[in-house]
>>> print(open('coords-v5.txt').read())   # compact mmCIF, C-alpha atoms
# COMPACT_ATOMS: atom_id res chain seq x y z
CA MET D 150 -5.14 -15.29 -27.57
CA ILE D 151 -4.38 -17.15 -24.33
CA ARG D 152 -0.74 -16.95 -23.34
CA ARG D 153 0.97 -19.92 -21.75
CA PRO D 154 2.61 -19.23 -18.35
CA PRO D 155 6.41 -18.91 -18.46
CA ARG D 156 8.26 -22.23 -18.29
CA SER D 157 9.80 -21.28 -14.93
CA THR D 158 6.28 -21.19 -13.46
CA LEU D 159 5.47 -24.67 -14.78
CA ASP D 160 8.79 -26.29 -13.81
CA ARG D 161 8.71 -25.48 -10.10
CA SER D 162 9.29 -28.47 -7.90
CA SER D 163 6.42 -29.57 -5.70
CA ALA D 164 8.54 -28.81 -2.60
CA ALA D 165 8.97 -25.18 -3.70
CA SER D 166 5.30 -25.03 -4.64
CA ASP D 167 4.37 -26.26 -1.15
CA VAL D 168 6.51 -23.52 0.43
CA TYR D 169 4.88 -20.84 -1.75
CA LYS D 170 1.44 -22.16 -0.90
CA ARG D 171 2.25 -22.14 2.84
CA GLN D 172 3.61 -18.58 2.64
CA ASN D 173 0.48 -17.41 0.81
CA GLU D 174 -1.73 -19.13 3.39
CA GLU D 175 0.19 -17.45 6.22
CA LEU D 176 -0.30 -14.05 4.59
CA ALA D 177 -4.03 -14.78 4.21
CA ALA D 178 -4.19 -15.90 7.86
CA LEU D 179 -2.62 -12.56 8.86
CA ALA D 180 -5.32 -10.78 6.84
CA ASP D 181 -7.99 -12.89 8.56
CA SER D 182 -6.53 -11.97 11.95
CA ILE D 183 -6.68 -8.28 11.08
CA MET D 184 -10.32 -8.68 10.08
CA GLU D 185 -11.07 -10.44 13.39
CA PHE D 186 -9.34 -7.62 15.25
CA ASP D 187 -11.26 -4.89 13.40
CA ASP D 188 -14.89 -5.70 12.57
CA GLY D 189 -15.21 -3.07 9.83
CA THR D 190 -12.37 -4.49 7.72
CA TYR D 191 -13.05 -6.79 4.76
CA TRP D 192 -11.24 -8.50 1.84
CA ASP D 193 -11.05 -6.46 -1.34
CA THR D 194 -8.41 -7.77 -3.77
CA ALA D 195 -5.60 -10.31 -3.99
CA GLY D 196 -3.09 -11.19 -6.66
CA ALA D 197 0.38 -12.24 -7.73
CA ILE D 198 2.65 -10.09 -9.88
CA HIS D 199 6.16 -10.14 -11.33
CA ASP D 200 5.96 -13.73 -12.58
CA ASN D 201 4.26 -14.81 -9.30
CA LYS D 202 7.27 -13.71 -7.23
CA VAL D 203 5.29 -11.05 -5.33
CA VAL D 204 1.87 -11.59 -3.79
CA PHE D 205 -0.49 -8.99 -2.36
CA LEU D 206 -3.74 -8.91 -0.43
CA SER D 207 -5.74 -5.74 -0.03
CA LEU D 208 -8.19 -5.11 2.78
CA LYS D 209 -10.70 -2.28 2.97
CA LEU D 210 -11.14 -0.61 6.31
CA GLY D 211 -14.78 0.02 7.09
CA ASP D 212 -14.28 3.71 7.83
CA GLU D 213 -13.79 6.24 5.09
CA ILE D 214 -12.28 9.68 5.08
CA ILE D 215 -14.80 12.41 4.27
CA ILE D 216 -13.53 15.78 3.11
CA ASP D 217 -16.01 18.63 3.57
CA PRO D 218 -18.88 16.45 4.87
CA SER D 219 -21.47 19.24 4.55
CA GLY D 220 -20.39 20.39 1.08
CA ALA D 221 -18.32 18.45 -1.45
CA ASN D 222 -18.65 15.26 0.63
CA ASP D 223 -15.57 13.76 -1.08
CA ARG D 224 -15.04 10.20 0.17
CA ILE D 225 -11.71 8.35 0.31
CA LEU D 226 -11.70 4.67 1.14
CA GLN D 227 -8.93 3.33 3.36
CA ASN D 228 -6.93 0.22 2.47
CA VAL D 229 -4.40 -2.02 4.15
CA LEU D 230 -1.99 -3.66 1.74
CA LEU D 231 -0.36 -6.92 2.83
CA THR D 232 2.44 -8.12 0.60
CA SER D 233 5.24 -10.66 0.54
CA GLY D 234 7.35 -12.48 -1.98
CA HIS D 235 8.84 -15.81 -2.90
CA THR D 236 12.39 -14.64 -3.60
CA GLY D 237 13.68 -14.68 -0.03
CA GLN D 238 14.40 -10.95 -0.32
CA ILE D 239 10.96 -9.49 0.42
CA ALA D 240 9.69 -9.13 3.97
CA VAL D 241 6.02 -9.36 4.88
CA ILE D 242 4.68 -5.81 4.79
CA ALA D 243 1.45 -4.30 6.15
CA LYS D 244 0.99 -0.82 4.73
CA ASN D 245 -1.91 1.60 4.90
CA VAL D 246 -2.57 3.04 1.47
CA GLY D 247 -5.14 5.11 -0.35
CA THR D 248 -4.68 3.15 -3.57
CA ARG D 249 -6.81 0.12 -4.41
CA VAL D 250 -4.22 -2.46 -5.54
CA VAL D 251 -5.29 -4.63 -8.46
CA CYS D 252 -2.17 -4.99 -10.65
CA ALA D 253 1.57 -4.29 -10.84
CA ASN D 254 0.96 -0.63 -11.68
CA THR D 255 -1.33 0.10 -8.73
CA TYR D 256 0.98 -2.02 -6.53
CA ALA D 257 3.91 0.24 -7.48
CA ILE D 258 1.83 3.35 -6.76
CA ALA D 259 0.74 2.01 -3.35
CA MET D 260 4.27 0.93 -2.40
CA GLY D 261 5.47 4.42 -3.32
CA GLU D 262 2.99 6.13 -1.01
CA ASP D 263 4.65 7.79 1.94
CA THR D 264 2.50 6.08 4.56
CA SER D 265 2.93 4.10 7.74
CA THR D 266 4.43 0.70 7.04
CA TYR D 267 4.83 -2.24 9.38
CA THR D 268 7.38 -4.86 8.37
CA PHE D 269 7.39 -8.43 9.66
CA ARG D 270 10.64 -10.29 9.31
CA HIS D 271 8.88 -13.65 9.01
CA LEU D 272 5.41 -14.84 9.84
CA ARG D 273 5.97 -18.44 10.83
CA GLY D 274 6.48 -18.70 14.59
CA GLN D 275 8.16 -15.30 14.95
CA VAL D 276 5.25 -12.89 15.23
CA ASP D 277 3.22 -12.12 18.33
CA GLN D 278 0.18 -11.62 16.12
CA GLN D 279 -2.05 -9.74 18.56
CA HIS D 280 0.66 -7.19 19.35
CA ASP D 281 1.79 -6.80 15.74
CA ILE D 282 -1.75 -6.54 14.38
CA ALA D 283 -2.66 -3.93 16.99
CA SER D 284 0.47 -1.95 16.09
CA ALA D 285 -0.20 -2.19 12.34
CA LEU D 286 -3.84 -1.16 12.71
CA GLY D 287 -2.95 1.62 15.13
CA LEU D 288 -0.53 3.06 12.57
CA THR D 289 -3.20 2.78 9.90
CA ARG D 290 -5.96 4.44 11.89
CA ASN D 291 -3.66 7.26 13.07
CA TYR D 292 -2.44 7.93 9.52
CA PHE D 293 -5.93 8.18 8.05
CA LYS D 294 -7.21 10.30 10.96
CA THR D 295 -4.33 12.76 10.41
CA LEU D 296 -4.91 12.75 6.64
CA GLU D 297 -8.59 13.56 7.15
CA GLU D 298 -7.78 16.44 9.53
CA VAL D 299 -5.14 17.95 7.24
CA ALA D 300 -7.28 17.54 4.11
CA ASN D 301 -10.27 19.22 5.76
CA THR D 302 -8.09 22.07 7.07
CA LEU D 303 -6.69 22.65 3.57
CA TYR D 304 -10.17 22.46 2.05
CA GLU D 305 -11.53 25.05 4.49
CA THR D 306 -8.63 27.49 4.00
CA PRO D 307 -9.59 30.25 1.56
CA MET D 308 -7.00 30.97 -1.10
CA ASP D 309 -6.96 33.46 -3.95
CA LYS D 310 -5.13 32.84 -7.23
CA ASN D 311 -1.86 34.41 -6.02
CA GLY D 312 -1.96 32.37 -2.83
CA PHE D 313 -2.59 29.21 -4.82
CA VAL D 314 0.36 29.92 -7.16
CA LYS D 315 2.60 30.57 -4.15
CA PHE D 316 1.41 27.32 -2.53
CA VAL D 317 2.14 25.30 -5.69
CA ASP D 318 5.54 26.99 -6.08
CA THR D 319 6.37 25.97 -2.51
CA LEU D 320 5.40 22.36 -3.21
CA TYR D 321 7.04 22.23 -6.63
CA PRO D 322 9.89 24.76 -6.82
CA GLU D 323 11.60 25.54 -10.10
CA PRO D 324 14.48 23.10 -10.67
CA GLU D 325 17.99 24.39 -10.22
CA VAL D 326 19.80 25.40 -13.39
CA ARG D 327 23.20 23.73 -13.28
CA ASP D 328 26.15 24.67 -15.41
CA LEU D 329 27.40 21.44 -16.91
CA GLY D 330 30.40 23.11 -18.50
CA VAL D 331 31.54 22.54 -22.03
CA THR D 332 30.13 19.41 -23.61
CA GLN D 333 31.85 17.26 -26.17
CA GLY D 334 29.70 18.57 -29.01
CA GLY D 335 30.06 22.21 -28.30
>>> encode(input="coords-v5.txt", output="C-alpha cells")
Amino acid sequence: MIRRPPRSTLDRSSAASDVYKRQNEELAALADSIMEFDDGTYWDTAGAIHDNKVVFLSLKLGDEIIIDPSGANDRILQNVLLTSGHTGQIAVIAKNVGTRVVCANTYAIAMGEDTSTYTFRHLRGQVDQQHDIASALGLTRNYFKTLEEVANTLYETPMDKNGFVKFVDTLYPEPEVRDLGVTQGG
C-alpha cells in the first residue's frame, strides 16, 4: 500500500519550498567542496527524515581503518555526515562517524557517536569554505587515525578471562543501589 505524504508536506508554499531547495543545494555544494578537497571521498547516501524537516548527506572517505592488518584484517569504513534542517533550529553539521546513515535510526546512532563535530552557523555567505572544510576534514582524519591506533593497541594486548572481566567491569560498573525510602504501597 502506498501512503500519501502528510498534508503539511503537500501544502507548503512555493516560497518555502524554494528556501528548502536552496538550503539542500547549499548542503550538497558543501559536500561537493569536501570531495574536491579530498580526492578519495565520494557520495554514499542522502535522505530526508522527520517529515522532511531534517536532511542528511553521507560521504565515504577513501581510506579505511584496518584492525590487525596481518591477522583478522577487520576493515572499518570512514564516513562524514553532513546534516541540516528546515526548522530554523538546526545548524549545518559536519560529523565524522563510523555509521552508514540511511534512515532515522542510523541517523540517531550516528548523531549519538562521540566524535569530532564541526558546526556551521549558516552556509550562505558566512562560511570561508576552504578554511572550514580543511578544519572539518582535519578533525575527521585525526579522529579516525586515533581510533585505528587505539583499536590496534587493544587488539594486540593479551588478556585472560579475569583481565577481560575486570576490563568490562571498569567500562560498565554495577549501578549504584539507592535507598528510595518508604514508597506509597509499602
>>> residues_around(input="coords-v5.txt", residues="Thr236 in chain D", least_positions_apart="3", cutoff="9 Å", atoms="only C-alpha atoms", output="list in words")
Lys202, Val203 and Ile239 of chain D
>>> atom_distance(input="coords-v5.txt", atom1="CA of Asn173 in chain D", atom2="CA of Thr232 in chain D")
9.5 Å
>>> closest_residue(input="coords-v5.txt", among="D:Pro324, D:Gly330, D:Gly189, D:Gly196", to="Ala253 in chain D", atoms="only C-alpha atoms")
D:Gly196
>>> closest_residue(input="coords-v5.txt", among="D:Val331, D:Asn301, D:Asp181, D:Gly312", to="Asn222 in chain D", atoms="only C-alpha atoms")
D:Asn301
>>> atom_distance(input="coords-v5.txt", atom1="CA of Ile225 in chain D", atom2="CA of Ile258 in chain D")
16.1 Å
>>> atom_distance(input="coords-v5.txt", atom1="CA of Arg224 in chain D", atom2="CA of Phe316 in chain D")
23.9 Å
>>> closest_residue(input="coords-v5.txt", among="D:Val317, D:Leu226, D:Ile216, D:Leu179", to="Asn245 in chain D", atoms="only C-alpha atoms")
D:Leu226
>>> closest_residue(input="coords-v5.txt", among="D:Leu296, D:Leu176, D:Ile198, D:Ile214", to="Cys252 in chain D", atoms="all atoms listed in the file")
D:Ile198
>>> closest_residue(input="coords-v5.txt", among="D:Leu206, D:Arg171, D:His199, D:Ala259", to="Ile183 in chain D", atoms="all atoms listed in the file")
D:Leu206
>>> closest_residue(input="coords-v5.txt", among="D:Thr306, D:Ser265, D:Gln227, D:Ser182", to="Gly211 in chain D", atoms="all atoms listed in the file")
D:Gln227
